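*Asks:* Below is one structure. I have some questions about it.
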Amino acid sequence: MKLGRNTAAELAAEIMTRPPRSGRSRIVAIDGQSGAGKTTFAAELATALLELGASVDVVHTDDLLDGWDDQFTFWERLQSSVLEPLQSGEAGRYHRYDWIAERFEDEVTIVHIADVVIIEGVSTGRAAMRQRADRTVFLGVPDALAWERLKARDPAEAMPFLRVWKERETRHYAADHTAELADVLITTGRISDMTTPSLSVEELRAAVERELPGVRTDLERLARIPGIAFDGFDFTPLERSAEAVAELLRGCGLDTRIVRIGDGHPAVIGVKPAPPGAPTVLLYAHHDVQPVGDLSLWESDPFEPVERDGRLYGRGCADDKAGVMAHVAALRAFGSGTSDDRLPVGAVVFVEGEEEFGSASLPDLLAEYKETLRSDVIVIADSGNWDIGVPALTTSLRGIVNLFVEVKVLEQAVHSGMAGGAVPDALMVLSRLLTTLHDDAGDVAVDGLVKTGAAPLDYPEDRFREETGMLEGVQLVGTGRIVERLWTKPAISILAIDAPPTSGAPNAVVPTAKAKLSVRLAPGDDRRRAYAIMKAHLEKFASWGAQVEVTFEHDGDPIVIDATGPAYDAARAAFKEAWDGTEPVDIGVGGSIPFIATFKETFPEASVLVTGVEDPYAKAHGPNESLHLGEFAKVCLAEALLLRNVAAL
Ligand SMILES: [Zn+2]
């Protein structure tokens, strides 16, 4: 087998389209079995690069080995004397090993700050090399051919050493998954696969632009299907919306099926395997929507999407059918499923069908399809951005504990003229008890609930008042920055009270009263602990010995995502590009998406990115939900760029 000249030329051209990861030199690592032709290929690649006008230096790691037994210590030398200097923009310098004299030369060999520095034969450093190199190349050849080459190259006396060497090498490559993890795998003298999107940022911009009209049409088609997973609704539309989503994914070339657990609602899973060496990205969204509530509050039919002032109105137009379509848009931008398919990553699209009703079967779905869904990066497109024009990654969400508190004072109602003044009524007791939950400033006054600090973001009070529709003269409650009150401090809301209705209420002392409370937990708190604290507080502070019964409804832990590392950097770079240079911010969400914790627990090794299509005016869950179409275009581009960036990690 002769490595084709074309292969090196193609790879050289591809390398030069990429800026260096750090420093001024692009580092290209070439690895492969002994006898695979690493040195030859390195020379061919160097020639091809020189022909493109690039400056090149080549380092052979054999020159850094300390004799035959050294497949380990050379890595330290390579790292400190070549890689680290180059990455900080300085020339590398090392002592070459003299294989005849069996010692390192005194003379210093310089590694120039070239456009490309080729590291040939990195063997044992491969896993570590992936963190460093701009491109990793693995040459694979059949064992017999490799031996033939070695015999032709080296003297017979070297064969026993080579045999030991190759055994170790093979074991190491297997353990390190070197071949699978390389960016470029060359097995036949041609580049069989390259994980780089051959699409540039500009090409992706154009591709997303090209796809948007079709994406919009499909979004409207999805939004016309009233798939609601709440009890009491007709569930047949959910089947139709799952079908529609499946069809979209099949159109992107994904191996797609509709799945469910027991009598759960249909979820859709579409899979496209990763090119060799490329990561896999899971793209999550949900196709069910919230009920529409009071229809008279809608300005147009919730299930007939309509555009007004650059926004698309309709139930699910934002939450979360636009999330589904952002995934589809990104896949289409790469031509996924077409004859010119340049999707650089593996994709698993997972579209749930009962998120709005609590994702009851999600843990079982994740368990059942764990291997299918396993991925390196998980993108959960069900949140939103900080503002129109300001992208965000959601990195914290509050937890939730919902509970009921019931107070009892009498066996039954008694005449308020006969007993009032001596018998406390249940509503008095309940009212007094509820006032103990907050202090005069409106901060939560229950001892023991966790409070933390939020990112230094300024949420202008005017904007907050407008977004929430607060009435004139009503003051905000709580202290501290608004983002802290919303994201990183606990909140207790009194959701409802069961008591006699005012119309027709008799003159009687009320014997029992019940309230439903919703406690939002700050990141770092624990739902079970918080419930115990609430229960103890309510039992302790009931006045006049009234009987108190606290019962649990449902809960979810708060979530904090440590958004550091390459996947998060890749996402931030994509967002910045899509929003024309605006840096994304890390935001919290006051609400709870408990299923994110389920993803994190199921796939602890994956990076979880919580993104989304909503903006502060989207009114998800409310009447007149809408999607900002200009922002949606940016969301689609950002997701395509994200896939591109993740592929290059
Ligand atoms: Zn949602």
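Residue names in the structure tokens use chain letters A, B, ... in the order shown, residue numbers from 1 in each chain, and ligand numbers from 1 in the order shown.
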List as a list of chain:residue names the protein and nucleic acid residues lying within 8 Å of ligand 1, with only C-alpha atoms and all ligand atoms counted.
*Replies:*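 After applying the 8 Å limit, what remains is A:Ala285, A:His286, A:Val289, A:Asp319, A:Asp320, A:Glu355, A:Glu356, A:Asp382, A:Ser383, A:Ala620.
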*Asks:* Using DSSP on the backbone, list every residue of region 177-289 of chain A that comes out as helix (DSSP H, G or I), and give them as a VMD selection string.
*Replies:* chain A and resid 178 to 181 201 to 223 236 to 251
*Asks:* So how far away is CA of Arg260 (chain A) from CA of Glu368 (chain A), in Å?
*Replies:*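 Going from CA of Glu368 (chain A) over to CA of Arg260 (chain A), I get 9.8 Å.
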*Asks:* Would you work out the distance separating CA of Ala246 (chain A) from CA of Pro344 (chain A), expressed in Å to one decimal?
*Replies:*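 Straight-line distance from CA of Ala246 (chain A) to CA of Pro344 (chain A) works out to 21.6 Å.
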*Asks:* Give me the residues within 12 Å of Glu614 (chain A) as a PyMOL selection string, counting only C-alpha atoms and dropping any in the same chain fewer than 6 places off.
*Replies:* chain A and resi 311-312+316-323+326+381-394+620-621+625-632+634-635
*Asks:* Selected residues, N, CA, C and O atoms, written as a CSV table (one decimal), in the first residue's frame, please.
*Replies:*
chain,number,residue,atom,x,y,z
A,311,ARG,N,-42.8,38.2,15.6
A,311,ARG,CA,-42.9,37.0,16.5
A,311,ARG,C,-44.0,36.1,16.0
A,311,ARG,O,-45.0,36.5,15.4
A,312,LEU,N,-43.7,34.8,16.2
A,312,LEU,CA,-44.7,33.8,15.8
A,312,LEU,C,-45.5,33.4,17.0
A,312,LEU,O,-44.9,32.8,17.9
A,316,GLY,N,-46.8,26.4,21.9
A,316,GLY,CA,-45.7,25.5,21.5
A,316,GLY,C,-44.7,26.2,20.4
A,316,GLY,O,-43.7,25.6,20.1
A,317,CYS,N,-45.1,27.3,19.9
A,317,CYS,CA,-44.2,28.0,18.9
A,317,CYS,C,-42.8,28.2,19.5
A,317,CYS,O,-41.9,28.2,18.8
A,318,ALA,N,-42.8,28.5,20.8
A,318,ALA,CA,-41.5,28.6,21.5
A,318,ALA,C,-41.2,27.3,22.3
A,318,ALA,O,-40.3,26.5,21.9
A,319,ASP,N,-42.1,27.0,23.2
A,319,ASP,CA,-41.8,25.9,24.2
A,319,ASP,C,-42.6,24.7,23.8
A,319,ASP,O,-43.8,24.6,24.1
A,320,ASP,N,-42.1,23.7,23.1
A,320,ASP,CA,-40.6,23.6,22.8
A,320,ASP,C,-40.5,23.1,21.4
A,320,ASP,O,-39.5,22.5,21.0
A,321,LYS,N,-41.5,23.4,20.6
A,321,LYS,CA,-41.4,23.0,19.2
A,321,LYS,C,-40.3,23.7,18.5
A,321,LYS,O,-39.7,23.2,17.5
A,322,ALA,N,-40.1,25.0,18.9
A,322,ALA,CA,-38.9,25.7,18.3
A,322,ALA,C,-37.6,25.0,18.7
A,322,ALA,O,-36.6,25.1,18.0
A,323,GLY,N,-37.6,24.4,19.9
A,323,GLY,CA,-36.4,23.6,20.3
A,323,GLY,C,-36.2,22.4,19.4
A,323,GLY,O,-35.1,22.2,18.9
A,326,ALA,N,-34.9,23.8,16.1
A,326,ALA,CA,-33.5,24.3,16.1
A,326,ALA,C,-32.6,23.1,15.9
A,326,ALA,O,-31.6,23.2,15.1
A,381,ALA,N,-32.4,21.9,24.8
A,381,ALA,CA,-32.9,23.1,24.3
A,381,ALA,C,-34.3,23.4,24.8
A,381,ALA,O,-35.3,23.2,24.1
A,382,ASP,N,-34.4,23.7,26.1
A,382,ASP,CA,-35.8,23.9,26.7
A,382,ASP,C,-35.7,25.1,27.6
A,382,ASP,O,-36.5,25.2,28.5
A,383,SER,N,-34.7,26.0,27.5
A,383,SER,CA,-34.7,27.1,28.4
A,383,SER,C,-34.7,28.4,27.4
A,383,SER,O,-35.4,28.4,26.5
A,384,GLY,N,-33.9,29.4,27.8
A,384,GLY,CA,-34.0,30.6,26.9
A,384,GLY,C,-32.8,31.4,27.1
A,384,GLY,O,-31.8,31.0,27.7
A,385,ASN,N,-32.8,32.6,26.5
A,385,ASN,CA,-31.7,33.5,26.5
A,385,ASN,C,-32.0,34.7,27.4
A,385,ASN,O,-33.1,34.8,27.9
A,386,TRP,N,-31.0,35.4,27.8
A,386,TRP,CA,-31.1,36.5,28.8
A,386,TRP,C,-32.0,37.6,28.3
A,386,TRP,O,-32.8,38.1,29.0
A,387,ASP,N,-31.8,38.0,27.0
A,387,ASP,CA,-32.6,39.1,26.5
A,387,ASP,C,-32.6,39.0,25.0
A,387,ASP,O,-31.8,38.2,24.5
A,388,ILE,N,-33.4,39.7,24.3
A,388,ILE,CA,-33.3,39.8,22.9
A,388,ILE,C,-31.9,40.4,22.5
A,388,ILE,O,-31.6,41.4,23.0
A,389,GLY,N,-31.1,39.6,21.8
A,389,GLY,CA,-29.8,40.1,21.5
A,389,GLY,C,-28.7,39.6,22.5
A,389,GLY,O,-27.5,39.9,22.2
A,390,VAL,N,-29.1,39.0,23.5
A,390,VAL,CA,-28.1,38.5,24.5
A,390,VAL,C,-28.2,37.0,24.8
A,390,VAL,O,-29.2,36.6,25.5
A,391,PRO,N,-27.3,36.2,24.2
A,391,PRO,CA,-27.5,34.7,24.4
A,391,PRO,C,-27.1,34.3,25.8
A,391,PRO,O,-26.4,35.1,26.5
A,392,ALA,N,-27.5,33.1,26.2
A,392,ALA,CA,-27.2,32.7,27.5
A,392,ALA,C,-27.1,31.1,27.6
A,392,ALA,O,-27.7,30.5,26.8
A,393,LEU,N,-26.3,30.7,28.5
A,393,LEU,CA,-26.3,29.3,28.9
A,393,LEU,C,-26.9,29.2,30.3
A,393,LEU,O,-26.6,30.0,31.2
A,394,THR,N,-27.9,28.3,30.5
A,394,THR,CA,-28.5,28.2,31.8
A,394,THR,C,-27.7,27.3,32.6
A,394,THR,O,-27.4,26.1,32.2
A,620,ALA,N,-44.0,31.6,27.5
A,620,ALA,CA,-44.3,30.2,27.5
A,620,ALA,C,-45.2,29.8,28.6
A,620,ALA,O,-45.2,30.4,29.7
A,621,HIS,N,-46.1,28.9,28.4
A,621,HIS,CA,-47.1,28.4,29.4
A,621,HIS,C,-48.3,29.4,29.5
A,621,HIS,O,-49.3,29.0,30.0
A,625,GLU,N,-48.4,32.8,23.9
A,625,GLU,CA,-47.0,32.4,23.8
A,625,GLU,C,-46.5,32.7,22.4
A,625,GLU,O,-47.2,32.7,21.4
A,626,SER,N,-45.2,33.1,22.3
A,626,SER,CA,-44.6,33.5,21.0
A,626,SER,C,-43.1,33.3,20.9
A,626,SER,O,-42.5,33.1,21.9
A,627,LEU,N,-42.7,33.2,19.7
A,627,LEU,CA,-41.3,33.0,19.4
A,627,LEU,C,-40.7,34.2,18.6
A,627,LEU,O,-41.4,34.7,17.7
A,628,HIS,N,-39.6,34.8,19.1
A,628,HIS,CA,-39.0,35.9,18.4
A,628,HIS,C,-38.2,35.3,17.2
A,628,HIS,O,-37.2,34.6,17.4
A,629,LEU,N,-38.7,35.6,16.0
A,629,LEU,CA,-38.2,34.9,14.8
A,629,LEU,C,-36.7,35.3,14.5
A,629,LEU,O,-35.9,34.4,14.1
A,630,GLY,N,-36.3,36.5,14.8
A,630,GLY,CA,-35.0,36.9,14.6
A,630,GLY,C,-34.0,36.2,15.5
A,630,GLY,O,-32.9,35.7,15.1
A,631,GLU,N,-34.4,36.0,16.8
A,631,GLU,CA,-33.6,35.3,17.8
A,631,GLU,C,-33.6,33.8,17.4
A,631,GLU,O,-32.6,33.2,17.6
A,632,PHE,N,-34.7,33.3,16.9
A,632,PHE,CA,-34.7,31.9,16.6
A,632,PHE,C,-33.7,31.6,15.5
A,632,PHE,O,-33.0,30.6,15.5
A,634,LYS,N,-30.9,33.0,15.1
A,634,LYS,CA,-29.6,33.0,15.8
A,634,LYS,C,-29.4,31.7,16.5
A,634,LYS,O,-28.4,31.1,16.6
A,635,VAL,N,-30.5,31.2,17.2
A,635,VAL,CA,-30.5,30.0,17.9
A,635,VAL,C,-30.1,28.8,17.0
A,635,VAL,O,-29.3,28.0,17.3
*Asks:* Got a sec: who's within 10 Å of Gly417 (chain A), counting only C-alpha atoms, leaving out chain neighbours fewer than 3 positions off, as a list in words?
*Replies:*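 So, after excluding close chain neighbours, the residues are Val414, Gly420, Gly421, Asn507, Ala508 and Val509 of chain A.
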*Asks:* Could you name the residues that touch Leu199 (chain A) at 12 Å or less, counting only C-alpha atoms, but leaving out those on the same chain fewer than 2 positions away, as a list in words?
*Replies:*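 The residues that qualify are Glu14, Thr17, Arg18, Met194, Thr195, Thr196, Pro197, Val201, Glu202, Glu203, Leu204, Arg205, Ala206, Ala207, Val208, Ala333, Phe334, Gly335, Asp340, Asp341, Arg342, Leu343, Pro344, Ala640, Leu641, Leu643, Arg644, Asn645 and Ala647 of chain A.
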*Asks:* Please produce a file of those selected residues containing N, CA and C atoms, as a PDB file, in the first residue's frame.
*Replies:*
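Okay, this is what ended up in result13.pdb:
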ATOM      1  N   GLU A  14      -6.935  21.118   4.483  1.00  0.00           N
ATOM      2  CA  GLU A  14      -7.893  21.177   5.578  1.00  0.00           C
ATOM      3  C   GLU A  14      -7.248  21.793   6.825  1.00  0.00           C
ATOM      4  N   THR A  17      -7.057  25.536   6.909  1.00  0.00           N
ATOM      5  CA  THR A  17      -8.274  26.339   7.090  1.00  0.00           C
ATOM      6  C   THR A  17      -8.531  26.601   8.570  1.00  0.00           C
ATOM      7  N   ARG A  18      -7.786  25.912   9.449  1.00  0.00           N
ATOM      8  CA  ARG A  18      -8.052  26.028  10.878  1.00  0.00           C
ATOM      9  C   ARG A  18      -7.046  26.952  11.544  1.00  0.00           C
ATOM     10  N   MET A 194     -13.012  12.433   7.997  1.00  0.00           N
ATOM     11  CA  MET A 194     -12.451  13.578   8.698  1.00  0.00           C
ATOM     12  C   MET A 194     -13.548  14.143   9.557  1.00  0.00           C
ATOM     13  N   THR A 195     -13.248  14.398  10.797  1.00  0.00           N
ATOM     14  CA  THR A 195     -14.297  14.857  11.692  1.00  0.00           C
ATOM     15  C   THR A 195     -14.560  16.351  11.533  1.00  0.00           C
ATOM     16  N   THR A 196     -13.685  17.039  10.841  1.00  0.00           N
ATOM     17  CA  THR A 196     -13.946  18.464  10.694  1.00  0.00           C
ATOM     18  C   THR A 196     -15.123  18.657   9.782  1.00  0.00           C
ATOM     19  N   PRO A 197     -15.984  19.564  10.174  1.00  0.00           N
ATOM     20  CA  PRO A 197     -16.995  19.937   9.222  1.00  0.00           C
ATOM     21  C   PRO A 197     -16.245  20.603   8.112  1.00  0.00           C
ATOM     22  N   VAL A 201     -17.522  28.722   8.943  1.00  0.00           N
ATOM     23  CA  VAL A 201     -18.537  29.516   9.635  1.00  0.00           C
ATOM     24  C   VAL A 201     -19.423  30.227   8.617  1.00  0.00           C
ATOM     25  N   GLU A 202     -18.800  30.788   7.612  1.00  0.00           N
ATOM     26  CA  GLU A 202     -19.582  31.524   6.619  1.00  0.00           C
ATOM     27  C   GLU A 202     -20.510  30.595   5.837  1.00  0.00           C
ATOM     28  N   GLU A 203     -19.982  29.413   5.521  1.00  0.00           N
ATOM     29  CA  GLU A 203     -20.836  28.448   4.811  1.00  0.00           C
ATOM     30  C   GLU A 203     -22.018  28.032   5.676  1.00  0.00           C
ATOM     31  N   LEU A 204     -21.760  27.874   6.974  1.00  0.00           N
ATOM     32  CA  LEU A 204     -22.853  27.488   7.861  1.00  0.00           C
ATOM     33  C   LEU A 204     -23.889  28.602   7.981  1.00  0.00           C
ATOM     34  N   ARG A 205     -23.411  29.828   8.054  1.00  0.00           N
ATOM     35  CA  ARG A 205     -24.340  30.963   8.077  1.00  0.00           C
ATOM     36  C   ARG A 205     -25.264  30.904   6.869  1.00  0.00           C
ATOM     37  N   ALA A 206     -24.653  30.715   5.711  1.00  0.00           N
ATOM     38  CA  ALA A 206     -25.434  30.677   4.479  1.00  0.00           C
ATOM     39  C   ALA A 206     -26.386  29.480   4.494  1.00  0.00           C
ATOM     40  N   ALA A 207     -25.898  28.350   5.021  1.00  0.00           N
ATOM     41  CA  ALA A 207     -26.723  27.140   5.020  1.00  0.00           C
ATOM     42  C   ALA A 207     -27.938  27.324   5.932  1.00  0.00           C
ATOM     43  N   VAL A 208     -27.731  27.917   7.098  1.00  0.00           N
ATOM     44  CA  VAL A 208     -28.857  28.127   8.022  1.00  0.00           C
ATOM     45  C   VAL A 208     -29.862  29.087   7.392  1.00  0.00           C
ATOM     46  N   ALA A 333     -28.573  22.133   8.122  1.00  0.00           N
ATOM     47  CA  ALA A 333     -27.516  23.046   7.665  1.00  0.00           C
ATOM     48  C   ALA A 333     -26.284  22.267   7.213  1.00  0.00           C
ATOM     49  N   PHE A 334     -26.049  21.105   7.835  1.00  0.00           N
ATOM     50  CA  PHE A 334     -24.896  20.274   7.439  1.00  0.00           C
ATOM     51  C   PHE A 334     -25.250  19.309   6.314  1.00  0.00           C
ATOM     52  N   GLY A 335     -26.472  19.421   5.809  1.00  0.00           N
ATOM     53  CA  GLY A 335     -26.886  18.505   4.745  1.00  0.00           C
ATOM     54  C   GLY A 335     -27.099  17.096   5.260  1.00  0.00           C
ATOM     55  N   ASP A 340     -24.838  15.194   0.093  1.00  0.00           N
ATOM     56  CA  ASP A 340     -23.684  16.002   0.510  1.00  0.00           C
ATOM     57  C   ASP A 340     -23.739  16.205   2.029  1.00  0.00           C
ATOM     58  N   ASP A 341     -23.711  15.082   2.738  1.00  0.00           N
ATOM     59  CA  ASP A 341     -23.870  15.092   4.185  1.00  0.00           C
ATOM     60  C   ASP A 341     -22.528  15.408   4.839  1.00  0.00           C
ATOM     61  N   ARG A 342     -22.454  16.555   5.509  1.00  0.00           N
ATOM     62  CA  ARG A 342     -21.179  16.897   6.135  1.00  0.00           C
ATOM     63  C   ARG A 342     -21.317  17.100   7.647  1.00  0.00           C
ATOM     64  N   LEU A 343     -22.266  16.396   8.221  1.00  0.00           N
ATOM     65  CA  LEU A 343     -22.424  16.471   9.678  1.00  0.00           C
ATOM     66  C   LEU A 343     -21.172  15.886  10.336  1.00  0.00           C
ATOM     67  N   PRO A 344     -20.463  16.693  11.136  1.00  0.00           N
ATOM     68  CA  PRO A 344     -19.162  16.247  11.639  1.00  0.00           C
ATOM     69  C   PRO A 344     -19.223  15.475  12.947  1.00  0.00           C
ATOM     70  N   ALA A 640     -25.858  24.985  15.040  1.00  0.00           N
ATOM     71  CA  ALA A 640     -25.023  24.428  13.964  1.00  0.00           C
ATOM     72  C   ALA A 640     -23.543  24.690  14.272  1.00  0.00           C
ATOM     73  N   LEU A 641     -23.245  25.902  14.708  1.00  0.00           N
ATOM     74  CA  LEU A 641     -21.849  26.235  15.038  1.00  0.00           C
ATOM     75  C   LEU A 641     -21.359  25.409  16.228  1.00  0.00           C
ATOM     76  N   LEU A 643     -22.252  22.367  16.964  1.00  0.00           N
ATOM     77  CA  LEU A 643     -21.903  21.022  16.487  1.00  0.00           C
ATOM     78  C   LEU A 643     -20.542  21.060  15.795  1.00  0.00           C
ATOM     79  N   ARG A 644     -20.326  22.112  15.042  1.00  0.00           N
ATOM     80  CA  ARG A 644     -19.050  22.266  14.343  1.00  0.00           C
ATOM     81  C   ARG A 644     -17.906  22.375  15.351  1.00  0.00           C
ATOM     82  N   ASN A 645     -18.112  23.197  16.374  1.00  0.00           N
ATOM     83  CA  ASN A 645     -17.055  23.389  17.370  1.00  0.00           C
ATOM     84  C   ASN A 645     -16.813  22.122  18.190  1.00  0.00           C
ATOM     85  N   ALA A 647     -17.221  19.129  17.226  1.00  0.00           N
ATOM     86  CA  ALA A 647     -16.528  18.151  16.370  1.00  0.00           C
ATOM     87  C   ALA A 647     -15.021  18.356  16.414  1.00  0.00           C
TER      88      ALA A 647
END
*Asks:* Closest to Phe161 (chain A) among A:Gln290, A:Ser34, A:Ser518, A:Ser88, using only C-alpha atoms?
*Replies:*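 Ranked by minimum distance to Phe161 (chain A), first place goes to A:Ser34.
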*Asks:* Using only C-alpha atoms, which of the listed residues (A:Ile15, A:Val646, A:Val58, A:Gly293) sits closest to Gly346 (chain A)?
*Replies:*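 Of A:Ile15, A:Val646, A:Val58, A:Gly293, the one nearest Gly346 (chain A) is A:Val646, counting only C-alpha atoms.
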*Asks:* Measure the distance from CA of Ala182 (chain A) to CA of Glu76 (chain A) in Å and round it to one decimal.
*Replies:*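 Interatomic distance, CA of Ala182 (chain A) to CA of Glu76 (chain A): 20.9 Å.
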*Asks:* Which residues are near Phe138 (chain A)? Cut-off 10 Å, only C-alpha atoms, ignore same chain within fewer than 4 positions. Put them as a short mmCIF file (atom, residue, chain, number, x, y, z; two decimals) with C-alpha atoms, in the first residue's frame.
*Replies:*
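Result file follows (around04.cif):
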data_model
loop_
_atom_site.label_atom_id
_atom_site.label_comp_id
_atom_site.auth_asym_id
_atom_site.auth_seq_id
_atom_site.Cartn_x
_atom_site.Cartn_y
_atom_site.Cartn_z
CA ALA A 29 -0.02 14.47 15.56
CA ILE A 30 0.52 11.47 13.34
CA ASP A 31 0.31 8.10 14.96
CA GLY A 32 -0.05 4.52 13.87
CA GLN A 33 1.40 1.06 14.18
CA ALA A 36 2.26 1.87 9.06
CA LYS A 38 4.15 7.36 9.74
CA GLY A 121 4.83 8.84 16.25
CA SER A 123 2.26 6.54 20.45
CA ARG A 126 -2.15 9.68 22.26
CA THR A 178 -6.25 5.48 19.65
CA ALA A 179 -7.62 4.65 16.22
CA GLU A 180 -11.26 5.37 17.07
CA LEU A 181 -10.42 8.65 18.72
CA ALA A 182 -8.21 10.09 16.00
CA ASP A 183 -9.66 12.97 13.98
CA VAL A 184 -8.48 11.44 10.74
CA LEU A 185 -8.22 7.72 10.17
CA ILE A 186 -6.22 6.60 7.17
CA THR A 187 -6.50 2.94 6.36
CA GLY A 277 -13.11 9.66 16.05
#
*Asks:* Counting only C-alpha atoms, figure out which residue out of A:Pro604, A:Pro279, A:Pro363, A:Gly67 gets nearest to Asp376 (chain A).
*Replies:*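 Under the stated criterion, the closest residue is A:Pro279.
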*Asks:* Report as a ChimeraX atom specification: the residues of region 159-336 of chain A with a DSSP assignment of strand (DSSP E), based on the backbone of this structure.
*Replies:* /A:184-186,191-194,255-259,267-272,280-286,306-308,311-313
*Asks:* Taking only C-alpha atoms into account, name the residue in A:Arg132, A:Arg221, A:Asp231, A:Val351 that is nearest to Thr256 (chain A).
*Replies:*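 Of all the options, A:Val351 lies closest to Thr256 (chain A).
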*Asks:* Point out the residue among A:Leu282, A:Ala542, A:Ala638, A:Leu366 with the least atom-to-atom distance to Val409 (chain A), counting only C-alpha atoms.
*Replies:* A:Ala542
